[in-house]
Amino acid sequence: MIRVALVDDQALFRAGIRMLVASQPDLEVVGEAGDGREALDVIAATRPDVVLMDIRMPVMDGLAATAELLTRPDPPKVVMLTTFDLDEAAARAIRQGASGFLLKDADPEFLLAAIRTVHAGSSVIAAAATRDLFAHFAEAPRPVPPAYSDLTEREREIFALAARGLSNAEIAAREFLSEATVKTHISRILTKLALRDRVQLVVFAFEHGLA
């Protein structure tokens, strides 16, 4: 079972998500909270695998709660919920370490798939949307770290495609490789650059002017 926590100040919205999640045989809601401060206590008590975290809440917003949560040992994966598809707060949350963002009006099947994807460790939630988000809120590029020079020529090619939001299947088709080979390359790239997942790869590319 994938354990899910819901954090949103709108009780009706939480009830809808709870019913949706509870309808799935492999998912369960283990905790709910109406603000970020309450969320930190609930998450500590229930140890969820995935947290759906609203950005804008009273007492403590989702950004502050996520920042504090991700300093804890073995934190859950955090997916930010927002009403804006180009949201600077969502971009900040992903830079802090959130695994991605979802629009509150996303299709139910997309939300369920996102929970499973994040739990599986892929942390790819609308990678193309993440790319658009960072393109919109791009800051002055930082110097490229020395670790980037450790990538092979093939790894740099795959890095560039992944930074554009392409999936493993799309990269495999474009580069005439198997998906397993692409997955291996992605894993090596993440290890060399000390990145947690592909969303962080997109962030890295934009922060260093490589996208």
# chains A, B, ... in the order shown; residues from 1 in each chain; ligands from 1
>>> closest_atom_pairs(of="stretch 50-96 of chain A", to="stretch 18-33 of chain A", cutoff="10 Å", atoms="only C-alpha atoms", output="Markdown table")
| residue | atom | partner | partner_atom | distance |
| --- | --- | --- | --- | --- |
| A:Val50 | CA | A:Val29 | CA | 9.7 |
| A:Val51 | CA | A:Gly31 | CA | 9.3 |
| A:Leu52 | CA | A:Glu32 | CA | 9.6 |
| A:Met53 | CA | A:Ala33 | CA | 9.4 |
>>> residues_around(residues="A:Phe204", least_positions_apart="2", cutoff="12 Å", atoms="only C-alpha atoms", output="number ranges by chain")
A: 94-95, 97, 130-131, 134, 138-139, 141-145, 147-148, 159-160, 162-164, 189-190, 193-202, 206-211
>>> write_last_selection(atoms="N, CA and C atoms", output="compact mmCIF listing (two decimals), in the first residue's frame")
# COMPACT_ATOMS: atom_id res chain seq x y z
N ILE A 94 9.93 23.30 -5.77
CA ILE A 94 10.69 22.26 -6.48
C ILE A 94 12.18 22.49 -6.27
N ARG A 95 12.62 23.74 -6.27
CA ARG A 95 14.04 24.03 -5.98
C ARG A 95 14.41 23.55 -4.58
N GLY A 97 13.21 20.98 -3.14
CA GLY A 97 13.28 19.52 -3.08
C GLY A 97 11.95 18.81 -3.26
N THR A 130 7.06 21.15 -15.78
CA THR A 130 8.12 21.65 -14.91
C THR A 130 9.10 22.50 -15.71
N ARG A 131 9.40 22.05 -16.92
CA ARG A 131 10.32 22.80 -17.78
C ARG A 131 9.72 24.16 -18.12
N PHE A 134 9.99 26.54 -15.15
CA PHE A 134 11.31 27.12 -14.91
C PHE A 134 11.73 28.06 -16.03
N ALA A 138 12.87 31.82 -14.96
CA ALA A 138 14.32 31.64 -15.04
C ALA A 138 15.05 32.79 -14.36
N GLU A 139 16.10 32.44 -13.65
CA GLU A 139 16.96 33.43 -13.02
C GLU A 139 18.28 33.47 -13.79
N PRO A 141 21.71 32.52 -14.93
CA PRO A 141 22.36 31.22 -14.79
C PRO A 141 23.56 31.28 -13.85
N ARG A 142 23.75 30.22 -13.11
CA ARG A 142 24.93 30.08 -12.26
C ARG A 142 26.04 29.41 -13.07
N PRO A 143 27.28 29.51 -12.60
CA PRO A 143 28.37 28.79 -13.30
C PRO A 143 28.11 27.28 -13.30
N VAL A 144 28.46 26.64 -14.39
CA VAL A 144 28.27 25.19 -14.48
C VAL A 144 29.27 24.50 -13.56
N PRO A 145 28.80 23.63 -12.67
CA PRO A 145 29.72 22.98 -11.73
C PRO A 145 30.67 22.01 -12.44
N ALA A 147 31.30 19.02 -11.94
CA ALA A 147 30.76 17.66 -12.09
C ALA A 147 30.16 17.45 -13.46
N TYR A 148 29.67 18.52 -14.08
CA TYR A 148 29.05 18.38 -15.40
C TYR A 148 30.06 17.90 -16.44
N PHE A 159 21.18 13.99 -21.18
CA PHE A 159 20.88 15.04 -20.20
C PHE A 159 20.06 16.14 -20.87
N ALA A 160 20.49 16.59 -22.05
CA ALA A 160 19.80 17.68 -22.74
C ALA A 160 18.36 17.30 -23.09
N ALA A 162 16.50 14.95 -21.57
CA ALA A 162 15.74 14.82 -20.32
C ALA A 162 15.38 16.20 -19.77
N ALA A 163 16.30 17.16 -19.91
CA ALA A 163 16.04 18.52 -19.44
C ALA A 163 14.91 19.19 -20.20
N ARG A 164 14.66 18.72 -21.43
CA ARG A 164 13.55 19.24 -22.23
C ARG A 164 12.24 18.57 -21.87
N ILE A 189 23.81 9.78 -14.79
CA ILE A 189 23.83 11.24 -14.81
C ILE A 189 23.42 11.81 -13.45
N LEU A 190 22.34 11.25 -12.89
CA LEU A 190 21.87 11.74 -11.59
C LEU A 190 22.93 11.51 -10.52
N LEU A 193 25.90 14.01 -10.96
CA LEU A 193 25.55 15.40 -10.64
C LEU A 193 24.94 15.54 -9.25
N ALA A 194 24.86 14.43 -8.52
CA ALA A 194 24.30 14.42 -7.16
C ALA A 194 22.87 14.97 -7.15
N LEU A 195 22.08 14.50 -8.10
CA LEU A 195 20.68 14.91 -8.21
C LEU A 195 19.78 13.76 -7.78
N ARG A 196 18.64 14.10 -7.19
CA ARG A 196 17.76 13.06 -6.66
C ARG A 196 16.88 12.43 -7.72
N ASP A 197 16.43 13.21 -8.69
CA ASP A 197 15.47 12.69 -9.66
C ASP A 197 15.46 13.58 -10.90
N ARG A 198 14.59 13.24 -11.85
CA ARG A 198 14.57 13.96 -13.12
C ARG A 198 14.02 15.37 -12.99
N VAL A 199 13.15 15.59 -12.04
CA VAL A 199 12.68 16.96 -11.82
C VAL A 199 13.85 17.83 -11.39
N GLN A 200 14.70 17.29 -10.51
CA GLN A 200 15.88 18.04 -10.09
C GLN A 200 16.86 18.23 -11.26
N LEU A 201 16.85 17.30 -12.19
CA LEU A 201 17.68 17.45 -13.40
C LEU A 201 17.22 18.66 -14.20
N VAL A 202 15.91 18.81 -14.34
CA VAL A 202 15.36 19.98 -15.05
C VAL A 202 15.77 21.26 -14.33
N PHE A 206 18.21 24.40 -15.83
CA PHE A 206 17.82 25.81 -15.92
C PHE A 206 18.70 26.69 -15.04
N GLU A 207 19.06 26.22 -13.86
CA GLU A 207 19.86 27.05 -12.98
C GLU A 207 21.25 27.32 -13.54
N HIS A 208 21.73 26.41 -14.41
CA HIS A 208 23.09 26.56 -14.93
C HIS A 208 23.11 26.86 -16.44
N GLY A 209 21.97 27.29 -16.97
CA GLY A 209 21.92 27.71 -18.37
C GLY A 209 22.17 26.58 -19.35
N LEU A 210 21.77 25.36 -18.98
CA LEU A 210 21.99 24.19 -19.84
C LEU A 210 20.72 23.70 -20.50
N ALA A 211 19.61 24.38 -20.28
CA ALA A 211 18.33 23.93 -20.84
C ALA A 211 18.09 24.58 -22.20
>>> residues_around(residues="A:Val42", least_positions_apart="4", cutoff="12 Å", atoms="only C-alpha atoms", output="list in words")
Val4, Ala5, Leu6, Val7, Val29, Val30, Gly31, Glu32, Ala33, Gly34, Asp35, Gly36, Arg37, Glu38, Thr46, Arg47, Pro48, Val51, Ala65 and Leu69 of chain A
>>> select_by_dssp(residues="stretch 10-143 of chain A", states="helix (DSSP H, G or I)", output="JSON, numbers by chain")
{"A": [11, 12, 13, 14, 15, 16, 17, 18, 19, 20, 21, 22, 36, 37, 38, 39, 40, 41, 42, 43, 44, 45, 46, 62, 63, 64, 65, 66, 67, 68, 69, 88, 89, 90, 91, 92, 93, 94, 95, 96, 108, 109, 110, 111, 112, 113, 114, 115, 116, 117, 118, 119, 127, 128, 129, 130, 131, 132, 133, 134, 135, 136]}
>>> residues_around(residues="A:Thr181", least_positions_apart="3", cutoff="12 Å", atoms="only C-alpha atoms", output="PDB file with N, CA and C atoms, in the first residue's frame")
ATOM      1  N   ARG A 154      27.711  11.050 -24.713  1.00  0.00           N
ATOM      2  CA  ARG A 154      26.390  10.440 -24.790  1.00  0.00           C
ATOM      3  C   ARG A 154      25.520  10.871 -23.617  1.00  0.00           C
ATOM      4  N   GLU A 155      26.098  10.927 -22.426  1.00  0.00           N
ATOM      5  CA  GLU A 155      25.332  11.350 -21.241  1.00  0.00           C
ATOM      6  C   GLU A 155      24.881  12.802 -21.370  1.00  0.00           C
ATOM      7  N   ILE A 158      21.829  12.855 -23.615  1.00  0.00           N
ATOM      8  CA  ILE A 158      20.636  12.374 -22.912  1.00  0.00           C
ATOM      9  C   ILE A 158      20.213  13.374 -21.839  1.00  0.00           C
ATOM     10  N   ASN A 168      11.751   8.539 -20.996  1.00  0.00           N
ATOM     11  CA  ASN A 168      12.733   7.533 -21.394  1.00  0.00           C
ATOM     12  C   ASN A 168      12.400   6.958 -22.762  1.00  0.00           C
ATOM     13  N   ALA A 169      11.110   6.691 -22.990  1.00  0.00           N
ATOM     14  CA  ALA A 169      10.692   6.111 -24.274  1.00  0.00           C
ATOM     15  C   ALA A 169      10.990   7.073 -25.421  1.00  0.00           C
ATOM     16  N   ILE A 171      13.271   9.481 -25.472  1.00  0.00           N
ATOM     17  CA  ILE A 171      14.722   9.569 -25.647  1.00  0.00           C
ATOM     18  C   ILE A 171      15.232   8.327 -26.370  1.00  0.00           C
ATOM     19  N   ALA A 172      14.723   7.162 -25.981  1.00  0.00           N
ATOM     20  CA  ALA A 172      15.153   5.912 -26.604  1.00  0.00           C
ATOM     21  C   ALA A 172      14.880   5.920 -28.108  1.00  0.00           C
ATOM     22  N   ALA A 173      13.687   6.393 -28.480  1.00  0.00           N
ATOM     23  CA  ALA A 173      13.332   6.433 -29.896  1.00  0.00           C
ATOM     24  C   ALA A 173      14.221   7.400 -30.662  1.00  0.00           C
ATOM     25  N   GLU A 175      17.289   8.471 -29.840  1.00  0.00           N
ATOM     26  CA  GLU A 175      18.711   8.112 -29.817  1.00  0.00           C
ATOM     27  C   GLU A 175      18.977   6.689 -30.304  1.00  0.00           C
ATOM     28  N   PHE A 176      17.918   5.975 -30.718  1.00  0.00           N
ATOM     29  CA  PHE A 176      18.054   4.586 -31.184  1.00  0.00           C
ATOM     30  C   PHE A 176      18.675   3.701 -30.103  1.00  0.00           C
ATOM     31  N   LEU A 177      18.144   3.836 -28.894  1.00  0.00           N
ATOM     32  CA  LEU A 177      18.597   3.043 -27.758  1.00  0.00           C
ATOM     33  C   LEU A 177      17.402   2.308 -27.159  1.00  0.00           C
ATOM     34  N   SER A 178      17.670   1.320 -26.324  1.00  0.00           N
ATOM     35  CA  SER A 178      16.586   0.683 -25.581  1.00  0.00           C
ATOM     36  C   SER A 178      16.216   1.558 -24.381  1.00  0.00           C
ATOM     37  N   THR A 184      19.578   3.496 -17.577  1.00  0.00           N
ATOM     38  CA  THR A 184      20.914   3.366 -16.996  1.00  0.00           C
ATOM     39  C   THR A 184      21.701   4.676 -17.134  1.00  0.00           C
ATOM     40  N   HIS A 185      21.624   5.284 -18.316  1.00  0.00           N
ATOM     41  CA  HIS A 185      22.311   6.563 -18.524  1.00  0.00           C
ATOM     42  C   HIS A 185      21.776   7.638 -17.571  1.00  0.00           C
ATOM     43  N   ILE A 186      20.451   7.708 -17.443  1.00  0.00           N
ATOM     44  CA  ILE A 186      19.839   8.703 -16.553  1.00  0.00           C
ATOM     45  C   ILE A 186      20.314   8.492 -15.124  1.00  0.00           C
ATOM     46  N   SER A 187      20.347   7.243 -14.694  1.00  0.00           N
ATOM     47  CA  SER A 187      20.803   6.929 -13.337  1.00  0.00           C
ATOM     48  C   SER A 187      22.241   7.382 -13.122  1.00  0.00           C
ATOM     49  N   ARG A 188      23.105   7.158 -14.113  1.00  0.00           N
ATOM     50  CA  ARG A 188      24.505   7.590 -13.991  1.00  0.00           C
ATOM     51  C   ARG A 188      24.615   9.108 -13.961  1.00  0.00           C
TER      52      ARG A 188
END
>>> atom_distance(atom1="atom CA of A:Leu151", atom2="atom CA of A:Ala91")
26.1 Å
>>> atom_distance(atom1="atom CA of A:Val203", atom2="atom CA of A:Asp9")
28.3 Å
